[in-house]
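query.txt, holding compact mmCIF, C-alpha atoms:
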```txt
# COMPACT_ATOMS: atom_id res chain seq x y z
CA MET A 1 69.95 -27.62 -8.94
CA GLU A 2 66.36 -28.89 -8.97
CA ILE A 3 63.64 -26.27 -8.74
CA LYS A 4 59.90 -26.86 -8.54
CA ILE A 5 58.31 -24.02 -10.47
CA ALA A 6 54.57 -23.39 -10.48
CA VAL A 7 53.28 -21.90 -13.72
CA SER A 8 49.72 -20.75 -14.39
CA GLY A 9 48.09 -20.04 -17.75
CA ILE A 10 48.44 -23.63 -18.98
CA ASN A 11 45.28 -23.23 -21.03
CA ALA A 12 46.90 -24.02 -24.37
CA VAL A 13 43.74 -23.35 -26.39
CA ASP A 14 42.95 -21.13 -29.40
CA ASN A 15 43.37 -18.09 -27.16
CA PRO A 16 46.35 -19.50 -25.31
CA GLY A 17 47.61 -18.52 -21.90
CA PRO A 18 51.36 -17.87 -21.64
CA GLY A 19 52.02 -20.82 -19.30
CA ILE A 20 53.08 -23.60 -21.66
CA GLY A 21 55.56 -21.37 -23.50
CA VAL A 22 57.08 -20.28 -20.20
CA ALA A 23 57.20 -23.91 -18.97
CA LYS A 24 58.93 -25.07 -22.17
CA SER A 25 61.51 -22.30 -21.77
CA LEU A 26 62.21 -23.27 -18.16
CA LEU A 27 62.67 -26.92 -19.10
CA GLU A 28 65.24 -25.92 -21.73
CA ALA A 29 67.54 -24.22 -19.20
CA GLU A 30 70.84 -26.12 -19.05
CA ASP A 31 72.12 -24.84 -15.73
CA PHE A 32 69.19 -25.90 -13.54
CA SER A 33 66.58 -28.60 -13.65
CA ALA A 34 63.01 -27.31 -13.52
CA GLU A 35 60.00 -29.38 -12.56
CA ILE A 36 56.81 -27.72 -13.72
CA VAL A 37 53.78 -27.61 -11.44
CA GLY A 38 50.75 -26.52 -13.43
CA LEU A 39 48.16 -24.24 -11.86
CA ALA A 40 44.83 -24.42 -13.69
CA TYR A 41 41.40 -22.87 -13.26
CA ASP A 42 39.53 -25.56 -15.16
CA ALA A 43 39.87 -29.33 -15.34
CA MET A 44 39.91 -29.11 -19.13
CA GLU A 45 42.97 -26.88 -19.46
CA PRO A 46 45.13 -28.88 -21.88
CA GLY A 47 48.36 -28.27 -19.93
CA ILE A 48 47.11 -30.62 -17.20
CA TYR A 49 47.32 -33.47 -19.70
CA MET A 50 50.63 -32.47 -21.31
CA ASP A 51 52.66 -34.59 -18.92
CA TRP A 52 55.89 -34.23 -20.87
CA ILE A 53 55.88 -30.58 -19.82
CA VAL A 54 53.68 -30.30 -16.73
CA LYS A 55 54.49 -32.96 -14.15
CA LYS A 56 51.59 -32.32 -11.81
CA SER A 57 48.69 -29.89 -11.82
CA PHE A 58 46.45 -28.28 -9.25
CA ILE A 59 43.11 -26.58 -9.67
CA MET A 60 43.23 -23.04 -8.27
CA PRO A 61 40.43 -20.88 -6.87
CA TYR A 62 39.98 -17.60 -8.75
CA PRO A 63 42.39 -14.88 -7.61
CA SER A 64 39.44 -12.58 -6.98
CA GLY A 65 38.82 -14.77 -3.90
CA GLY A 66 41.78 -12.88 -2.40
CA HIS A 67 44.17 -14.00 0.28
CA ASP A 68 42.28 -16.77 2.00
CA ALA A 69 41.35 -18.75 -1.04
CA PHE A 70 44.23 -18.06 -3.42
CA ILE A 71 47.27 -17.69 -1.18
CA ASN A 72 46.25 -20.53 1.12
CA ARG A 73 45.95 -22.79 -1.90
CA LEU A 74 49.52 -21.92 -2.90
CA LEU A 75 50.71 -22.63 0.64
CA TYR A 76 48.85 -25.96 0.59
CA ILE A 77 50.65 -26.93 -2.62
CA LYS A 78 53.97 -25.84 -1.14
CA GLU A 79 53.43 -27.99 1.94
CA ASN A 80 52.02 -31.07 0.26
CA TYR A 81 53.92 -31.22 -3.01
CA GLY A 82 56.56 -28.52 -3.03
CA MET A 83 56.90 -25.21 -4.83
CA ASP A 84 60.10 -23.17 -4.85
CA PHE A 85 58.95 -20.50 -7.26
CA PHE A 86 55.65 -19.20 -8.58
CA MET A 87 55.54 -17.63 -12.04
CA PRO A 88 52.05 -16.11 -12.44
CA VAL A 89 51.37 -15.24 -16.07
CA LEU A 90 47.73 -14.14 -16.01
CA ASP A 91 46.69 -10.51 -15.53
CA ALA A 92 44.09 -11.32 -12.89
CA GLU A 93 46.62 -13.10 -10.68
CA LEU A 94 49.19 -10.35 -10.54
CA PRO A 95 47.63 -7.92 -8.02
CA VAL A 96 47.04 -10.60 -5.39
CA VAL A 97 50.43 -12.29 -5.88
CA ILE A 98 52.23 -8.93 -5.80
CA LYS A 99 50.36 -7.96 -2.63
CA TYR A 100 51.24 -11.15 -0.79
CA SER A 101 54.66 -11.82 -2.31
CA HIS A 102 56.39 -11.23 1.06
CA GLU A 103 54.17 -13.80 2.73
CA LEU A 104 54.90 -16.28 -0.06
CA GLU A 105 58.63 -15.57 0.21
CA LYS A 106 58.52 -16.13 3.99
CA ASN A 107 56.96 -19.50 3.30
CA GLY A 108 59.64 -20.46 0.83
CA ILE A 109 57.88 -19.54 -2.43
CA LYS A 110 59.89 -17.05 -4.46
CA THR A 111 58.34 -14.75 -7.07
CA PHE A 112 59.89 -12.17 -9.41
CA LEU A 113 57.32 -9.48 -10.03
CA PRO A 114 56.99 -5.71 -10.37
CA THR A 115 56.01 -3.71 -7.30
CA TYR A 116 52.39 -2.67 -7.03
CA GLU A 117 53.40 0.87 -8.05
CA GLN A 118 55.10 -0.48 -11.18
CA PHE A 119 52.14 -2.73 -11.91
CA LYS A 120 49.82 0.29 -11.93
CA LEU A 121 51.87 1.83 -14.75
CA ARG A 122 50.28 -0.63 -17.15
CA SER A 123 46.97 1.14 -16.79
CA LYS A 124 46.15 2.73 -20.13
CA ASP A 125 45.68 6.17 -18.58
CA ARG A 126 49.39 6.22 -17.61
CA LEU A 127 50.76 5.29 -21.04
CA GLU A 128 51.29 8.82 -22.26
CA GLU A 129 53.63 9.59 -19.40
CA ILE A 130 55.61 6.40 -20.04
CA ALA A 131 55.83 6.96 -23.81
CA ASN A 132 57.21 10.46 -23.20
CA ASN A 133 59.76 9.08 -20.78
CA ILE A 134 61.05 6.35 -23.07
CA GLY A 135 61.24 8.38 -26.25
CA ILE A 136 58.35 7.04 -28.31
CA GLU A 137 54.93 8.39 -29.18
CA ILE A 138 51.43 7.52 -28.22
CA PRO A 139 48.32 7.96 -30.33
CA LYS A 140 46.42 11.10 -29.23
CA SER A 141 44.12 9.95 -26.48
CA GLU A 142 41.63 11.20 -23.91
CA VAL A 143 40.47 9.49 -20.75
CA VAL A 144 36.70 9.90 -20.39
CA THR A 145 34.21 8.99 -17.70
CA SER A 146 30.96 10.43 -19.05
CA TYR A 147 28.93 10.68 -22.24
CA GLU A 148 29.64 14.43 -22.50
CA GLU A 149 33.39 13.85 -22.20
CA LEU A 150 33.19 11.11 -24.80
CA ILE A 151 31.57 13.44 -27.35
CA LYS A 152 34.13 16.15 -26.60
CA ALA A 153 36.99 13.68 -26.99
CA ILE A 154 35.69 12.48 -30.37
CA GLU A 155 35.44 16.10 -31.57
CA LYS A 156 38.97 16.81 -30.40
CA ILE A 157 40.62 13.67 -31.86
CA GLY A 158 38.47 13.28 -34.98
CA LEU A 159 36.87 10.15 -36.38
CA PRO A 160 37.66 7.29 -36.73
CA VAL A 161 38.68 6.62 -33.11
CA MET A 162 39.58 3.61 -30.99
CA VAL A 163 37.32 3.18 -27.94
CA LYS A 164 39.14 1.21 -25.25
CA GLY A 165 38.64 -0.06 -21.72
CA ALA A 166 41.35 0.72 -19.14
CA PHE A 167 42.56 -2.90 -19.17
CA TYR A 168 40.55 -4.87 -21.70
CA LYS A 169 38.73 -4.47 -24.99
CA ALA A 170 39.28 -2.07 -27.86
CA TYR A 171 37.00 -1.24 -30.76
CA ARG A 172 37.39 0.94 -33.84
CA ALA A 173 34.49 3.38 -34.29
CA PHE A 174 33.85 5.17 -37.57
CA THR A 175 30.85 7.21 -36.40
CA THR A 176 29.86 8.92 -33.17
CA GLN A 177 26.94 6.48 -32.80
CA GLU A 178 29.32 3.55 -33.04
CA ALA A 179 31.65 5.14 -30.49
CA VAL A 180 28.75 5.66 -28.06
CA SER A 181 27.62 2.07 -28.44
CA TYR A 182 31.16 0.70 -27.81
CA TYR A 183 31.51 3.08 -24.86
CA ASN A 184 28.32 1.68 -23.29
CA LYS A 185 29.39 -1.89 -24.02
CA ILE A 186 32.78 -1.51 -22.32
CA VAL A 187 31.37 0.40 -19.35
CA ALA A 188 28.76 -2.32 -18.79
CA GLN A 189 31.38 -5.05 -18.88
CA TRP A 190 34.53 -3.50 -17.42
CA GLY A 191 33.55 -0.13 -15.93
CA TYR A 192 35.31 3.24 -16.14
CA PRO A 193 37.49 4.89 -17.29
CA ILE A 194 37.23 4.66 -21.07
CA ILE A 195 40.02 5.76 -23.38
CA VAL A 196 39.28 7.41 -26.70
CA GLN A 197 42.28 7.15 -29.00
CA GLN A 198 43.45 8.32 -32.41
CA VAL A 199 43.74 5.57 -35.04
CA VAL A 200 47.37 5.33 -36.17
CA SER A 201 48.69 3.50 -39.21
CA GLY A 202 51.53 1.03 -39.10
CA GLU A 203 52.30 -2.54 -38.25
CA GLU A 204 51.91 -4.38 -34.96
CA MET A 205 55.29 -5.04 -33.43
CA ASN A 206 55.96 -6.32 -29.95
CA VAL A 207 58.80 -6.81 -27.52
CA VAL A 208 59.10 -9.48 -24.86
CA ALA A 209 61.61 -8.63 -22.17
CA ALA A 210 62.29 -8.70 -18.46
CA GLY A 211 63.94 -6.26 -16.09
CA ASP A 212 66.00 -7.28 -13.07
CA GLY A 213 64.51 -4.59 -10.82
CA GLU A 214 67.83 -2.75 -10.75
CA GLY A 215 67.68 -1.14 -14.18
CA SER A 216 69.19 -3.94 -16.26
CA SER A 217 67.63 -6.24 -18.84
CA LEU A 218 67.36 -10.00 -18.40
CA GLY A 219 66.78 -10.43 -22.14
CA MET A 220 64.80 -8.78 -24.92
CA VAL A 221 63.44 -9.81 -28.33
CA GLY A 222 61.43 -7.78 -30.87
CA ILE A 223 58.94 -9.40 -33.21
CA LYS A 224 56.38 -8.59 -35.85
CA LYS A 225 53.10 -10.42 -36.02
CA VAL A 226 52.81 -11.87 -39.52
CA TRP A 227 49.57 -13.81 -39.19
CA ILE A 228 46.99 -13.50 -36.42
CA THR A 229 43.87 -15.42 -35.45
CA GLU A 230 40.39 -13.91 -35.40
CA LEU A 231 41.01 -13.08 -31.74
CA GLY A 232 44.12 -11.14 -32.72
CA LYS A 233 46.49 -13.77 -31.31
CA ILE A 234 49.80 -14.35 -33.07
CA TRP A 235 49.97 -17.52 -35.14
CA THR A 236 53.03 -16.70 -37.26
CA GLY A 237 55.66 -14.11 -36.42
CA ILE A 238 59.15 -13.00 -37.35
CA THR A 239 61.99 -11.57 -35.28
CA ILE A 240 62.91 -8.02 -36.18
CA LYS A 241 65.33 -5.39 -34.96
CA ASN A 242 63.58 -2.09 -34.78
CA GLU A 243 66.16 -0.05 -32.89
CA LYS A 244 63.70 2.62 -31.79
CA MET A 245 61.33 0.08 -30.26
CA LEU A 246 64.11 -1.92 -28.60
CA SER A 247 65.78 1.16 -27.15
CA ALA A 248 62.39 2.28 -25.78
CA SER A 249 62.10 -1.08 -24.01
CA GLN A 250 65.59 -0.70 -22.62
CA LYS A 251 64.73 2.76 -21.33
CA PHE A 252 61.53 1.42 -19.77
CA ILE A 253 63.59 -1.11 -17.79
CA GLU A 254 66.14 1.52 -16.78
CA LYS A 255 63.85 4.41 -15.90
CA TYR A 256 61.28 2.43 -13.96
CA SER A 257 63.68 -0.21 -12.55
CA TRP A 258 61.14 -2.67 -13.87
CA LYS A 259 61.20 -6.06 -12.20
CA GLY A 260 59.91 -9.15 -13.99
CA ALA A 261 58.68 -10.00 -17.46
CA PHE A 262 56.72 -7.63 -19.66
CA GLU A 263 55.41 -7.25 -23.17
CA LEU A 264 55.54 -3.92 -24.99
CA GLU A 265 52.90 -3.63 -27.71
CA CYS A 266 53.59 -1.04 -30.37
CA ILE A 267 52.36 0.13 -33.73
CA VAL A 268 55.33 1.01 -35.89
CA ASP A 269 55.00 3.27 -38.87
CA THR A 270 58.17 2.23 -40.68
CA LYS A 271 57.66 4.75 -43.48
CA GLU A 272 57.73 7.70 -41.10
CA SER A 273 59.91 5.84 -38.59
CA ARG A 274 57.48 6.48 -35.75
CA VAL A 275 56.83 4.08 -32.89
CA TYR A 276 53.54 4.33 -31.03
CA LEU A 277 53.09 2.69 -27.65
CA ILE A 278 49.79 0.83 -27.45
CA GLU A 279 50.04 -1.25 -24.31
CA ILE A 280 52.39 -2.63 -21.68
CA ASN A 281 51.54 -6.03 -20.25
CA PRO A 282 53.32 -6.74 -16.95
CA ARG A 283 53.81 -10.45 -17.71
CA PHE A 284 54.97 -12.86 -20.38
CA PRO A 285 52.97 -12.88 -23.63
CA ALA A 286 51.59 -16.19 -24.90
CA TRP A 287 54.31 -16.31 -27.58
CA SER A 288 57.25 -15.93 -25.17
CA TYR A 289 58.78 -19.25 -26.26
CA PHE A 290 59.72 -17.43 -29.48
CA SER A 291 62.48 -15.61 -27.62
CA THR A 292 63.79 -18.86 -26.14
CA GLY A 293 63.77 -20.36 -29.62
CA VAL A 294 66.15 -17.64 -30.84
CA GLY A 295 68.48 -18.15 -27.90
CA VAL A 296 67.14 -15.62 -25.38
CA ASN A 297 65.66 -17.63 -22.50
CA ILE A 298 64.13 -14.84 -20.44
CA ALA A 299 62.12 -17.12 -18.14
CA ALA A 300 65.25 -19.07 -17.23
CA ASN A 301 67.10 -15.82 -16.53
CA ILE A 302 64.36 -14.77 -14.10
CA ILE A 303 64.92 -18.05 -12.21
CA ARG A 304 68.69 -17.54 -12.27
CA LYS A 305 68.33 -14.04 -10.87
CA SER A 306 65.85 -15.18 -8.20
CA PHE A 307 68.04 -18.01 -6.96
CA GLY A 308 71.34 -16.13 -7.08
CA MET A 309 72.73 -18.09 -10.04
CA PRO A 310 74.87 -16.28 -12.65
CA VAL A 311 72.52 -14.46 -15.04
CA LYS A 312 73.12 -14.94 -18.77
CA ASN A 313 73.92 -11.77 -20.63
CA TYR A 314 71.80 -11.96 -23.76
CA THR A 315 73.03 -9.11 -25.90
CA ASP A 316 71.82 -10.15 -29.33
CA TYR A 317 69.48 -12.37 -31.31
CA PRO A 318 69.06 -13.12 -35.01
CA ALA A 319 66.50 -11.15 -37.04
CA GLY A 320 64.42 -13.03 -39.58
CA LYS A 321 63.63 -16.09 -37.47
CA LEU A 322 60.14 -17.43 -37.99
CA TYR A 323 57.64 -18.42 -35.28
CA VAL A 324 54.96 -20.90 -36.29
CA ARG A 325 52.16 -22.07 -34.03
CA PHE A 326 50.35 -25.28 -34.81
CA THR A 327 47.60 -27.36 -33.31
CA ASP A 328 48.24 -30.80 -31.90
CA ASP A 329 46.25 -33.44 -30.06
CA LEU A 330 46.79 -36.28 -27.62
CA VAL A 331 44.94 -39.31 -26.28
CA THR A 332 45.15 -40.24 -22.63
CA ASP A 333 43.40 -42.25 -19.90
CA MET A 334 40.54 -40.91 -17.83
CA GLU A 335 42.70 -41.16 -14.73
CA ARG A 336 44.20 -37.69 -14.74
CA PHE A 337 40.82 -36.17 -15.46
CA GLN A 338 39.17 -38.14 -12.66
CA LYS A 339 41.87 -37.15 -10.19
CA ILE A 340 41.72 -33.48 -11.07
CA ILE A 341 37.94 -33.47 -10.82
CA THR A 342 37.69 -35.34 -7.53
CA ARG A 343 40.85 -34.21 -5.72
CA GLY A 344 41.61 -30.92 -7.42
CA GLU A 345 45.06 -32.20 -8.34
CA SER A 346 46.34 -34.57 -11.00
CA MET B 1 72.24 3.45 -47.87
CA ASP B 2 72.43 1.90 -44.39
CA ARG B 3 69.04 0.24 -44.69
CA ILE B 4 70.30 -1.55 -47.81
CA LYS B 5 73.38 -2.78 -45.98
CA GLN B 6 71.22 -4.36 -43.28
CA LEU B 7 69.11 -6.37 -45.73
CA ALA B 8 69.48 -10.12 -45.65
CA ILE B 9 69.62 -11.32 -49.26
CA ASN B 10 69.88 -14.91 -50.45
CA ASP B 11 71.02 -16.14 -53.84
CA GLU B 12 67.51 -16.96 -54.96
CA GLY B 13 66.41 -13.35 -54.61
CA PHE B 14 64.62 -13.51 -51.27
CA VAL B 15 65.19 -10.28 -49.37
CA PHE B 16 64.42 -9.71 -45.67
CA ASP B 17 64.41 -6.31 -43.97
CA PRO B 18 65.24 -6.84 -40.27
CA LEU B 19 63.99 -3.37 -39.33
CA THR B 20 60.43 -3.82 -40.56
CA GLY B 21 60.12 -7.59 -40.87
CA ASP B 22 59.07 -7.15 -44.50
CA SER B 23 60.25 -9.63 -47.10
CA PHE B 24 60.50 -9.19 -50.86
CA THR B 25 61.45 -11.26 -53.86
CA VAL B 26 63.53 -9.83 -56.67
CA ASN B 27 64.56 -11.22 -60.07
CA GLN B 28 68.16 -11.87 -61.10
CA THR B 29 68.68 -8.30 -62.28
CA GLY B 30 67.19 -6.87 -59.07
CA LEU B 31 69.39 -9.19 -57.04
CA PHE B 32 72.44 -8.06 -59.02
CA ILE B 33 71.65 -4.39 -58.38
CA LEU B 34 70.90 -4.93 -54.69
CA LYS B 35 74.17 -6.74 -54.14
CA LYS B 36 76.10 -3.96 -55.86
CA LEU B 37 74.30 -1.32 -53.80
CA LYS B 38 75.18 -3.27 -50.67
CA GLU B 39 78.80 -3.21 -51.73
CA GLY B 40 78.52 0.57 -51.80
CA LYS B 41 78.81 1.00 -55.59
CA THR B 42 77.42 4.12 -57.22
CA GLU B 43 74.58 4.06 -59.73
CA GLU B 44 77.01 4.78 -62.55
CA GLU B 45 79.30 1.94 -61.60
CA ILE B 46 76.33 -0.40 -61.37
CA LEU B 47 75.07 0.70 -64.77
CA GLN B 48 78.42 -0.15 -66.32
CA GLU B 49 78.45 -3.55 -64.65
CA ILE B 50 74.92 -4.32 -65.83
CA THR B 51 75.78 -3.63 -69.45
CA GLY B 52 78.92 -5.72 -69.02
CA GLU B 53 77.08 -8.62 -67.38
CA PHE B 54 73.80 -8.73 -69.30
CA GLU B 55 72.99 -8.43 -72.98
CA VAL B 56 71.24 -5.13 -72.78
CA SER B 57 71.56 -1.67 -74.29
CA GLN B 58 72.87 1.20 -72.19
CA GLU B 59 69.51 2.94 -72.51
CA GLU B 60 67.46 -0.04 -71.40
CA ALA B 61 69.78 -0.79 -68.50
CA GLU B 62 69.61 2.81 -67.35
CA ARG B 63 65.82 2.80 -67.48
CA ASP B 64 65.60 -0.45 -65.51
CA LEU B 65 68.12 0.71 -62.95
CA ILE B 66 66.33 4.01 -62.35
CA ASP B 67 63.05 2.16 -62.13
CA PHE B 68 64.40 -0.30 -59.59
CA ILE B 69 66.04 2.38 -57.48
CA GLU B 70 62.79 4.35 -57.43
CA LYS B 71 61.05 1.24 -56.16
CA LEU B 72 63.61 0.85 -53.38
CA ARG B 73 63.08 4.50 -52.55
CA SER B 74 59.32 3.98 -52.32
CA TYR B 75 59.98 1.26 -49.72
CA ARG B 76 62.35 3.68 -47.96
CA LEU B 77 65.21 1.27 -48.38
CA ILE B 78 67.30 4.09 -49.82
```

Output the structure of this file as structure tokens.
Amino acid sequence: MEIKIAVSGINAVDNPGPGIGVAKSLLEAEDFSAEIVGLAYDAMEPGIYMDWIVKKSFIMPYPSGGHDAFINRLLYIKENYGMDFFMPVLDAELPVVIKYSHELEKNGIKTFLPTYEQFKLRSKDRLEEIANNIGIEIPKSEVVTSYEELIKAIEKIGLPVMVKGAFYKAYRAFTTQEAVSYYNKIVAQWGYPIIVQQVVSGEEMNVVAAGDGEGSSLGMVGIKKVWITELGKIWTGITIKNEKMLSASQKFIEKYSWKGAFELECIVDTKESRVYLIEINPRFPAWSYFSTGVGVNIAANIIRKSFGMPVKNYTDYPAGKLYVRFTDDLVTDMERFQKIITRGES
Amino acid sequence: MDRIKQLAINDEGFVFDPLTGDSFTVNQTGLFILKKLKEGKTEEEILQEITGEFEVSQEEAERDLIDFIEKLRSYRLI
């Protein structure tokens, strides 16, 4: 079975989007043949030029342009080149694709995403409720929307604190002055609400997984970040089996009937055996190829489920497998660049 | 003792803990003790085997064993 799959996030740069990892996983599926259509927001996204993975690319308008710009562009690609499935992997794309998924489906473009209600669960002010429901902890936190509330929250939690935006940015503040300055910085850039959070000790461990929307898992792998870049992005990692974290992920899929890929970010205090939930991202992480590399091809399972093929039952994976990122380069003709600049497609 | 049983240990003394992702290196004596602990042997049995295997006094072996086990305890492996 040949399937044309559009994948975004093909910006394989030092702060990589998840697209190339997802595309590589899809190409490795043995029971269907994927052709990757790259969706880029800039003519310099490296994925456009990685023709051994991405067959053809299109420049997309920003999703904030809403239905007319974004959805119509997808329909144009469907009509003129073909697209059987769209796998959005960037946070900003999800609300608009979720909202218009029925329209896309009617036009022959399948997606496999959480509902809008599920998507809203990722908001940091809902995390406490989720952590309670899936049997793990959350650092003490307060949602604040004013200077007075911020000061009260710091007094209640005690310094140092993490000052975080609802979706982006997090800073560690050691003094009240620092906290106020980070608060102002995040409000100016991302708006309210702001979350003030207790600093917890432990190691950063993550899970990549997907739910089938009916309470079952389409695959799950736990990892520990061993080496990260200055931007906090994983560069070396190792597979681990922290039962508490994995069973929390399983419960998350079951209790919320989660549909689609997600990443669970935790801080694990192995000495006290406590798992703190830090964030849930409703999409693949940039390192998702790691799971494929240890035999759990979650992206391929999403395609299988979407197209009614038999889903693979990934029950286990080996612990102690190493993930190593590296930089690479290529030389190519101007042609692809010219085409993408002038026509908006390679 | 379960944590010990889950450890992946190779013959060169590289030890990986799948629960935490931590890795350690141990010397030949440490490796010997870890393997015996994995087999479920008691400290006394291990002590006897150490003195049988290595040229070492009972007293020295006991001190090293206690020392090593304390270290494992500090990493919560026991």

Residue hits in chain A, query chain B, radius 10 Å, only C-alpha atoms, as a count of residues only: 25

Shell around Glu12 in chain B at 10 Å using only C-alpha atoms, local window under 5 positions removed, as a list in words: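 Answer for this query is Thr25, Val26, Asn27, Gln28 and Leu31 of chain B.
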
Who sits within 10 Å of Glu39 in chain B, all atoms listed in the file, same chain under 6 positions skipped, as a PyMOL selection string: chain B and resi 4-5+33

Residues within 12 Å of (77.7, -5.5, -65.3), counting all atoms listed in the file, listed as JSON, numbers by chain: {"B": [29, 32, 33, 35, 36, 41, 43, 44, 45, 46, 47, 48, 49, 50, 51, 52, 53, 54, 55, 56, 57, 58, 61, 62, 65]}

Quick one: residues within 12 Å of Asp125 in chain A, all atoms listed in the file counted, chain neighbours fewer than 2 positions away excluded, as an mmCIF file with C-alpha atoms, in the coordinates of the input?
```cif
data_model
loop_
_atom_site.group_PDB
_atom_site.id
_atom_site.type_symbol
_atom_site.label_atom_id
_atom_site.label_comp_id
_atom_site.auth_asym_id
_atom_site.auth_seq_id
_atom_site.Cartn_x
_atom_site.Cartn_y
_atom_site.Cartn_z
ATOM 1 C CA LYS A 120 49.820 0.290 -11.930
ATOM 2 C CA LEU A 121 51.870 1.830 -14.750
ATOM 3 C CA ARG A 122 50.280 -0.630 -17.150
ATOM 4 C CA SER A 123 46.970 1.140 -16.790
ATOM 5 C CA LEU A 127 50.760 5.290 -21.040
ATOM 6 C CA GLU A 128 51.290 8.820 -22.260
ATOM 7 C CA GLU A 129 53.630 9.590 -19.400
ATOM 8 C CA ILE A 130 55.610 6.400 -20.040
ATOM 9 C CA ALA A 131 55.830 6.960 -23.810
ATOM 10 C CA ILE A 138 51.430 7.520 -28.220
ATOM 11 C CA LYS A 140 46.420 11.100 -29.230
ATOM 12 C CA SER A 141 44.120 9.950 -26.480
ATOM 13 C CA GLU A 142 41.630 11.200 -23.910
ATOM 14 C CA VAL A 143 40.470 9.490 -20.750
ATOM 15 C CA VAL A 144 36.700 9.900 -20.390
ATOM 16 C CA THR A 145 34.210 8.990 -17.700
ATOM 17 C CA LYS A 164 39.140 1.210 -25.250
ATOM 18 C CA GLY A 165 38.640 -0.060 -21.720
ATOM 19 C CA ALA A 166 41.350 0.720 -19.140
ATOM 20 C CA PHE A 167 42.560 -2.900 -19.170
ATOM 21 C CA TYR A 192 35.310 3.240 -16.140
ATOM 22 C CA PRO A 193 37.490 4.890 -17.290
ATOM 23 C CA ILE A 194 37.230 4.660 -21.070
ATOM 24 C CA ILE A 195 40.020 5.760 -23.380
ATOM 25 C CA VAL A 196 39.280 7.410 -26.700
ATOM 26 C CA GLN A 197 42.280 7.150 -29.000
ATOM 27 C CA ILE A 278 49.790 0.830 -27.450
ATOM 28 C CA GLU A 279 50.040 -1.250 -24.310
ATOM 29 C CA ILE A 280 52.390 -2.630 -21.680
#
```
